[in-house]
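J.: Take this structure first; my questions come after.
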Amino acid sequence: MFQYIYLSVKENAHSPVRRLLPLMLAAALLLPSLPVCAEEEKTSETGFFLDTVITITLYGDTDSTAMNGCFDLLDEYENMLSRTVEGSDVWNVNHSGGEPTEVSEETAYLIETALYYSELSDGAFDITITPLVELWDVQSKASQVSEGETTEEALASGLIPSDEEIEEALLHIDYTTVSCEGTTVTLSDPDAEIDLGGIAKGYIADCLEEYLLSAGIESALINLGGNVQTVGTKPDGSSWKIGIQKPFGGSSDIITVVECTGESVVTSGTYERYFEVDGIIYHHILDPNTGYPADNGLVSVTILADSSTICDALSTTCFVLGLEDGLDLIESIDGVEALFITEDETMYRTSGFPED
Ligand code: ADP
Ligand code: MG
């Protein structure tokens, strides 16, 4: 949602095109099915899955088969991976009372991958985060908070959870209580619940890319609420240019641009889902150590890699780890680069993250 795509835009800061860019981007966003560049044939469809606005854009002369195939897959994965869809694999695990639960191979793979990143980050990434996600419920709080509300009032009304509630939730947050043997998932804490919100969109983006390539699509963009997966190159063979939004800026306020040919660019940012009380931002990326939204001076982390699953897991992980540990972690992983943006809008890149 917060990364935007440059379509055929030359990057000369003084060119008229650059000055017109905000308007062009606005037009592209408002009228997703109209080509910005007349000679580029494309089809774009937007939908709402996994609590997120998603847009798929296919370039070239395509019939509706590939697009329909993408939306069928989105449906399928939402019904498999959503915590709130009754009967999904995740729902079944969370309602098992600690009994072993059979899940699909894909769900099992995703849980195992998530557990790998939990171990790698010593629990900064933790899919048993659900009790805290429900307690903070940032999305609905955002519409409940009233203008000028004080912290005391927000605590009294339950908008901000109490320390006791947070302590209680923290008792059930521990990724080591999740075990996955083949396709059998067991929670050794019967009150624990998993949430794949920090990794599922990345996985789905990878699956959509694979599907589109197998359907013969050579040029496409998949945008799952800020998880951008590029497919191939632009129709003219040049690279995609993915704009990264300035934190808290307008939708056309781009802070930097990343060129991609088939890679994924994923951003986790405080400004994506949050509510504000007394000048404090309460956002949706939660620190399993404190029980509060991660508060370490970062406003966003963008990860660039071939795999969108890895990008998604690492963007959330690094956000919780903070600037120093996050940079160290990414430098230690081959083929992955990152851009960290702090509250004062300073950008910190890993050694291989492209400069503007
Ligand atoms: P977005 O969903 O906006 O793309 P992220 O990929 O950063 O953002 O994922 C945030 C989501 O991940 C939260 O909405 C929640 O469901 C889940 N989550 C929050 N904190 C953590 C955490 N520490 N570890 C794993 N998942 C988390
Ligand atoms: Mg993530």
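Chain lettering (A, B, ...) mirrors the order of the structure tokens, residue numbering begins at 1 for each chain separately, and ligand numbering begins at 1 in order of display.
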Could I get the residue neighbourhood of ligand 2 at 8 Å, counting only C-alpha atoms and all ligand atoms, as a PyMOL selection string?
T.: chain A and resi 197-202+266-268+311-317
J.: With N, CA, C and O atoms retained, export the selected residues as a PDB file, in the first residue's frame.
T.:
```pdb
ATOM      1  N   GLY A 197       0.472 -13.003  10.087  1.00  0.00           N
ATOM      2  CA  GLY A 197       0.373 -11.678   9.449  1.00  0.00           C
ATOM      3  C   GLY A 197       1.716 -11.056   9.080  1.00  0.00           C
ATOM      4  O   GLY A 197       1.776 -10.208   8.197  1.00  0.00           O
ATOM      5  N   GLY A 198       2.785 -11.474   9.741  1.00  0.00           N
ATOM      6  CA  GLY A 198       4.090 -10.884   9.454  1.00  0.00           C
ATOM      7  C   GLY A 198       4.824 -11.563   8.318  1.00  0.00           C
ATOM      8  O   GLY A 198       5.918 -11.121   7.937  1.00  0.00           O
ATOM      9  N   ILE A 199       4.258 -12.635   7.745  1.00  0.00           N
ATOM     10  CA  ILE A 199       4.995 -13.399   6.719  1.00  0.00           C
ATOM     11  C   ILE A 199       4.097 -13.882   5.570  1.00  0.00           C
ATOM     12  O   ILE A 199       4.579 -14.112   4.456  1.00  0.00           O
ATOM     13  N   ALA A 200       2.786 -13.996   5.827  1.00  0.00           N
ATOM     14  CA  ALA A 200       1.902 -14.642   4.840  1.00  0.00           C
ATOM     15  C   ALA A 200       1.820 -13.885   3.513  1.00  0.00           C
ATOM     16  O   ALA A 200       1.828 -14.494   2.434  1.00  0.00           O
ATOM     17  N   LYS A 201       1.782 -12.562   3.573  1.00  0.00           N
ATOM     18  CA  LYS A 201       1.639 -11.811   2.312  1.00  0.00           C
ATOM     19  C   LYS A 201       2.862 -12.027   1.415  1.00  0.00           C
ATOM     20  O   LYS A 201       2.740 -12.093   0.193  1.00  0.00           O
ATOM     21  N   GLY A 202       4.021 -12.133   2.041  1.00  0.00           N
ATOM     22  CA  GLY A 202       5.240 -12.397   1.263  1.00  0.00           C
ATOM     23  C   GLY A 202       5.145 -13.743   0.560  1.00  0.00           C
ATOM     24  O   GLY A 202       5.448 -13.873  -0.622  1.00  0.00           O
ATOM     25  N   VAL A 266       9.783  -5.186   0.176  1.00  0.00           N
ATOM     26  CA  VAL A 266       8.738  -5.207   1.205  1.00  0.00           C
ATOM     27  C   VAL A 266       9.072  -4.215   2.321  1.00  0.00           C
ATOM     28  O   VAL A 266      10.190  -4.205   2.830  1.00  0.00           O
ATOM     29  N   THR A 267       8.106  -3.409   2.683  1.00  0.00           N
ATOM     30  CA  THR A 267       8.316  -2.421   3.750  1.00  0.00           C
ATOM     31  C   THR A 267       7.389  -2.690   4.935  1.00  0.00           C
ATOM     32  O   THR A 267       6.200  -2.940   4.754  1.00  0.00           O
ATOM     33  N   SER A 268       7.964  -2.650   6.128  1.00  0.00           N
ATOM     34  CA  SER A 268       7.163  -2.632   7.363  1.00  0.00           C
ATOM     35  C   SER A 268       7.343  -1.260   7.967  1.00  0.00           C
ATOM     36  O   SER A 268       8.470  -0.834   8.219  1.00  0.00           O
ATOM     37  N   CYS A 311      11.616 -11.469   2.462  1.00  0.00           N
ATOM     38  CA  CYS A 311      11.489 -10.011   2.657  1.00  0.00           C
ATOM     39  C   CYS A 311      10.489  -9.704   3.759  1.00  0.00           C
ATOM     40  O   CYS A 311      10.736  -8.871   4.636  1.00  0.00           O
ATOM     41  N   ASP A 312       9.340 -10.375   3.697  1.00  0.00           N
ATOM     42  CA  ASP A 312       8.264 -10.071   4.650  1.00  0.00           C
ATOM     43  C   ASP A 312       8.690 -10.434   6.073  1.00  0.00           C
ATOM     44  O   ASP A 312       8.593  -9.620   7.004  1.00  0.00           O
ATOM     45  N   ALA A 313       9.212 -11.654   6.228  1.00  0.00           N
ATOM     46  CA  ALA A 313       9.638 -12.081   7.574  1.00  0.00           C
ATOM     47  C   ALA A 313      10.712 -11.141   8.103  1.00  0.00           C
ATOM     48  O   ALA A 313      10.669 -10.711   9.260  1.00  0.00           O
ATOM     49  N   LEU A 314      11.665 -10.791   7.249  1.00  0.00           N
ATOM     50  CA  LEU A 314      12.783  -9.970   7.733  1.00  0.00           C
ATOM     51  C   LEU A 314      12.407  -8.508   7.954  1.00  0.00           C
ATOM     52  O   LEU A 314      13.019  -7.837   8.785  1.00  0.00           O
ATOM     53  N   SER A 315      11.420  -8.008   7.227  1.00  0.00           N
ATOM     54  CA  SER A 315      11.050  -6.602   7.458  1.00  0.00           C
ATOM     55  C   SER A 315      10.432  -6.465   8.857  1.00  0.00           C
ATOM     56  O   SER A 315      10.758  -5.539   9.604  1.00  0.00           O
ATOM     57  N   THR A 316       9.595  -7.414   9.227  1.00  0.00           N
ATOM     58  CA  THR A 316       8.995  -7.372  10.571  1.00  0.00           C
ATOM     59  C   THR A 316      10.068  -7.635  11.635  1.00  0.00           C
ATOM     60  O   THR A 316      10.167  -6.921  12.639  1.00  0.00           O
ATOM     61  N   THR A 317      10.903  -8.662  11.369  1.00  0.00           N
ATOM     62  CA  THR A 317      11.974  -9.017  12.317  1.00  0.00           C
ATOM     63  C   THR A 317      12.884  -7.824  12.587  1.00  0.00           C
ATOM     64  O   THR A 317      13.169  -7.479  13.742  1.00  0.00           O
TER      65      THR A 317
END
```
J.: Enumerate residues in contact with ligand 1: an atom-to-atom distance of at most 9 Å, counting only C-alpha atoms and all ligand atoms. Format the result as a ChimeraX atom specification.
T.: /A:1,50-52,114,118,123-130,132-133,137-139,194-202,224-227,266-273,283-289,293-294,301,311-317,319-320
J.: Leaving out Val228 (chain A) and any residue of its chain fewer than 6 positions from it, which residues lie within 7 Å of it when counting only C-alpha atoms, given as a ChimeraX atom specification?
T.: /A:222,264-266
J.: Output all heavy atoms for every residue in the selection just made, as a PDB file, in the first residue's frame.
T.:
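Output saved as out_14.pdb:
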```
ATOM      1  N   ILE A 222       2.957  -7.252  -8.619  1.00  0.00           N
ATOM      2  CA  ILE A 222       2.037  -7.746  -7.598  1.00  0.00           C
ATOM      3  C   ILE A 222       2.248  -6.848  -6.387  1.00  0.00           C
ATOM      4  O   ILE A 222       3.364  -6.757  -5.875  1.00  0.00           O
ATOM      5  CB  ILE A 222       2.387  -9.208  -7.240  1.00  0.00           C
ATOM      6  CG1 ILE A 222       2.262 -10.113  -8.468  1.00  0.00           C
ATOM      7  CG2 ILE A 222       1.539  -9.707  -6.082  1.00  0.00           C
ATOM      8  CD1 ILE A 222       3.014 -11.429  -8.348  1.00  0.00           C
ATOM      9  N   SER A 264      11.711  -8.804  -5.004  1.00  0.00           N
ATOM     10  CA  SER A 264      10.619  -8.302  -4.173  1.00  0.00           C
ATOM     11  C   SER A 264      11.128  -7.171  -3.278  1.00  0.00           C
ATOM     12  O   SER A 264      12.287  -7.175  -2.877  1.00  0.00           O
ATOM     13  CB  SER A 264      10.094  -9.458  -3.321  1.00  0.00           C
ATOM     14  OG  SER A 264       9.011  -9.023  -2.546  1.00  0.00           O
ATOM     15  N   VAL A 265      10.271  -6.211  -3.002  1.00  0.00           N
ATOM     16  CA  VAL A 265      10.600  -5.108  -2.094  1.00  0.00           C
ATOM     17  C   VAL A 265       9.456  -5.003  -1.084  1.00  0.00           C
ATOM     18  O   VAL A 265       8.311  -4.787  -1.463  1.00  0.00           O
ATOM     19  CB  VAL A 265      10.695  -3.763  -2.855  1.00  0.00           C
ATOM     20  CG1 VAL A 265      11.144  -2.659  -1.911  1.00  0.00           C
ATOM     21  CG2 VAL A 265      11.646  -3.857  -4.027  1.00  0.00           C
ATOM     22  N   VAL A 266       9.783  -5.186   0.176  1.00  0.00           N
ATOM     23  CA  VAL A 266       8.738  -5.207   1.205  1.00  0.00           C
ATOM     24  C   VAL A 266       9.072  -4.215   2.321  1.00  0.00           C
ATOM     25  O   VAL A 266      10.190  -4.205   2.830  1.00  0.00           O
ATOM     26  CB  VAL A 266       8.603  -6.632   1.803  1.00  0.00           C
ATOM     27  CG1 VAL A 266       7.657  -6.637   2.992  1.00  0.00           C
ATOM     28  CG2 VAL A 266       8.109  -7.607   0.735  1.00  0.00           C
TER      29      VAL A 266
END
```
J.: Rounded to one decimal, what separation in Å do you get between CA of Lys246 (chain A) and CA of Cys260 (chain A)?
T.: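 Between CA of Lys246 (chain A) and CA of Cys260 (chain A) the gap is 19.1 Å.
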J.: Of the candidates A:Leu73, A:Val85, A:Ser251, A:Glu218, which shows the shortest atom-to-atom distance to Asp236 (chain A), using only C-alpha atoms?
T.: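 For Asp236 (chain A), the nearest of the candidates is A:Glu218.
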J.: Which neighbours of region 321-337 of chain A fall inside 6 Å, counting only C-alpha atoms, when residues of the same chain fewer than 3 positions from it are skipped, and could you give them as a list of chain:residue names?
T.: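 My list of contacting residues is A:Asn296, A:Ile303, A:Leu304, A:Ala305, A:Cys318, A:Thr350, A:Gly352, A:Phe353.
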J.: Could you write out the selected residues, including C-alpha atoms, as an mmCIF file, in the first residue's frame?
T.:
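File produced: selection.cif:
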```cif
data_model
loop_
_atom_site.group_PDB
_atom_site.id
_atom_site.type_symbol
_atom_site.label_atom_id
_atom_site.label_comp_id
_atom_site.auth_asym_id
_atom_site.auth_seq_id
_atom_site.Cartn_x
_atom_site.Cartn_y
_atom_site.Cartn_z
ATOM 1 C CA ASN A 296 13.358 2.009 18.898
ATOM 2 C CA ILE A 303 13.905 -5.409 2.530
ATOM 3 C CA LEU A 304 15.021 -6.256 -1.004
ATOM 4 C CA ALA A 305 15.518 -9.912 -1.990
ATOM 5 C CA CYS A 318 14.319 -6.094 11.666
ATOM 6 C CA THR A 350 23.081 -2.185 4.023
ATOM 7 C CA GLY A 352 24.351 -3.680 -1.239
ATOM 8 C CA PHE A 353 21.145 -1.666 -1.035
#
```
J.: May I have all residues of region 53-145 of chain A that DSSP, computed from the backbone, assigns to strand (DSSP E), given as a list in words?
T.: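 Residues meeting the strand (DSSP E) criterion: Val53, Ile54, Thr55, Ile56, Thr57, Leu58, Tyr59, Thr101 and Glu102 of chain A.
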J.: Enter the distance from CA of Trp136 (chain A) to CA of Pro161 (chain A), in Å, rounded to one decimal.
T.: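 One can read the CA of Trp136 (chain A) to CA of Pro161 (chain A) distance as 6.8 Å.
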J.: What does the structure give for the distance between CA of Asp163 (chain A) and CA of Tyr274 (chain A), in Å to one decimal?
T.: 19.3 Å
J.: Taking the DSSP secondary structure from the backbone, can you list the residues of region 186-233 of chain A that are helix (DSSP H, G or I), as a PDB file with N, CA, C and O atoms, in the first residue's frame?
T.:
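Output below, filename result29.pdb:
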```
ATOM      1  N   ALA A 200       2.786 -13.996   5.827  1.00  0.00           N
ATOM      2  CA  ALA A 200       1.902 -14.642   4.840  1.00  0.00           C
ATOM      3  C   ALA A 200       1.820 -13.885   3.513  1.00  0.00           C
ATOM      4  O   ALA A 200       1.828 -14.494   2.434  1.00  0.00           O
ATOM      5  N   LYS A 201       1.782 -12.562   3.573  1.00  0.00           N
ATOM      6  CA  LYS A 201       1.639 -11.811   2.312  1.00  0.00           C
ATOM      7  C   LYS A 201       2.862 -12.027   1.415  1.00  0.00           C
ATOM      8  O   LYS A 201       2.740 -12.093   0.193  1.00  0.00           O
ATOM      9  N   GLY A 202       4.021 -12.133   2.041  1.00  0.00           N
ATOM     10  CA  GLY A 202       5.240 -12.397   1.263  1.00  0.00           C
ATOM     11  C   GLY A 202       5.145 -13.743   0.560  1.00  0.00           C
ATOM     12  O   GLY A 202       5.448 -13.873  -0.622  1.00  0.00           O
ATOM     13  N   TYR A 203       4.680 -14.745   1.305  1.00  0.00           N
ATOM     14  CA  TYR A 203       4.558 -16.082   0.723  1.00  0.00           C
ATOM     15  C   TYR A 203       3.565 -16.070  -0.436  1.00  0.00           C
ATOM     16  O   TYR A 203       3.807 -16.640  -1.501  1.00  0.00           O
ATOM     17  N   ILE A 204       2.451 -15.394  -0.227  1.00  0.00           N
ATOM     18  CA  ILE A 204       1.418 -15.353  -1.276  1.00  0.00           C
ATOM     19  C   ILE A 204       1.969 -14.628  -2.516  1.00  0.00           C
ATOM     20  O   ILE A 204       1.721 -15.045  -3.653  1.00  0.00           O
ATOM     21  N   ALA A 205       2.738 -13.576  -2.293  1.00  0.00           N
ATOM     22  CA  ALA A 205       3.336 -12.861  -3.430  1.00  0.00           C
ATOM     23  C   ALA A 205       4.256 -13.789  -4.217  1.00  0.00           C
ATOM     24  O   ALA A 205       4.249 -13.803  -5.449  1.00  0.00           O
ATOM     25  N   ASP A 206       5.052 -14.599  -3.508  1.00  0.00           N
ATOM     26  CA  ASP A 206       5.926 -15.560  -4.194  1.00  0.00           C
ATOM     27  C   ASP A 206       5.107 -16.558  -5.005  1.00  0.00           C
ATOM     28  O   ASP A 206       5.469 -16.904  -6.137  1.00  0.00           O
ATOM     29  N   CYS A 207       4.012 -17.020  -4.406  1.00  0.00           N
ATOM     30  CA  CYS A 207       3.175 -18.011  -5.106  1.00  0.00           C
ATOM     31  C   CYS A 207       2.537 -17.392  -6.350  1.00  0.00           C
ATOM     32  O   CYS A 207       2.431 -18.042  -7.397  1.00  0.00           O
ATOM     33  N   LEU A 208       2.108 -16.131  -6.231  1.00  0.00           N
ATOM     34  CA  LEU A 208       1.501 -15.470  -7.397  1.00  0.00           C
ATOM     35  C   LEU A 208       2.539 -15.288  -8.500  1.00  0.00           C
ATOM     36  O   LEU A 208       2.245 -15.475  -9.692  1.00  0.00           O
ATOM     37  N   GLU A 209       3.754 -14.940  -8.110  1.00  0.00           N
ATOM     38  CA  GLU A 209       4.811 -14.777  -9.125  1.00  0.00           C
ATOM     39  C   GLU A 209       5.033 -16.102  -9.867  1.00  0.00           C
ATOM     40  O   GLU A 209       5.081 -16.139 -11.098  1.00  0.00           O
ATOM     41  N   GLU A 210       5.133 -17.177  -9.092  1.00  0.00           N
ATOM     42  CA  GLU A 210       5.376 -18.489  -9.702  1.00  0.00           C
ATOM     43  C   GLU A 210       4.236 -18.850 -10.646  1.00  0.00           C
ATOM     44  O   GLU A 210       4.453 -19.324 -11.761  1.00  0.00           O
ATOM     45  N   TYR A 211       3.019 -18.577 -10.193  1.00  0.00           N
ATOM     46  CA  TYR A 211       1.853 -18.890 -11.018  1.00  0.00           C
ATOM     47  C   TYR A 211       1.889 -18.082 -12.324  1.00  0.00           C
ATOM     48  O   TYR A 211       1.676 -18.623 -13.412  1.00  0.00           O
ATOM     49  N   LEU A 212       2.188 -16.789 -12.216  1.00  0.00           N
ATOM     50  CA  LEU A 212       2.178 -15.941 -13.420  1.00  0.00           C
ATOM     51  C   LEU A 212       3.265 -16.370 -14.399  1.00  0.00           C
ATOM     52  O   LEU A 212       3.036 -16.431 -15.610  1.00  0.00           O
ATOM     53  N   LEU A 213       4.444 -16.698 -13.875  1.00  0.00           N
ATOM     54  CA  LEU A 213       5.522 -17.138 -14.767  1.00  0.00           C
ATOM     55  C   LEU A 213       5.113 -18.443 -15.464  1.00  0.00           C
ATOM     56  O   LEU A 213       5.335 -18.605 -16.674  1.00  0.00           O
ATOM     57  N   SER A 214       4.472 -19.344 -14.706  1.00  0.00           N
ATOM     58  CA  SER A 214       4.074 -20.618 -15.321  1.00  0.00           C
ATOM     59  C   SER A 214       2.943 -20.401 -16.329  1.00  0.00           C
ATOM     60  O   SER A 214       2.753 -21.197 -17.239  1.00  0.00           O
TER      61      SER A 214
END
```
J.: Could you check the closest approach to Asp356 (chain A) for each of A:Val299, A:Met80, A:Val258, A:Leu170 and tell me which residue wins, using only C-alpha atoms?
T.: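 Checking each candidate against Asp356 (chain A), we get A:Val258 as the closest.
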J.: I'd like the neighbourhood of Val178 (chain A) as a PyMOL selection string, where a residue qualifies if any of its atoms comes within 7 Å (using only C-alpha atoms), though same-chain residues fewer than 3 positions away should be ignored.
T.: chain A and resi 175+186-188
J.: My list of candidates is A:Val93, A:Met67, A:Val277, A:Ile341. Which is closest to Gln144 (chain A) when distances are computed with only C-alpha atoms?
T.: A:Val277
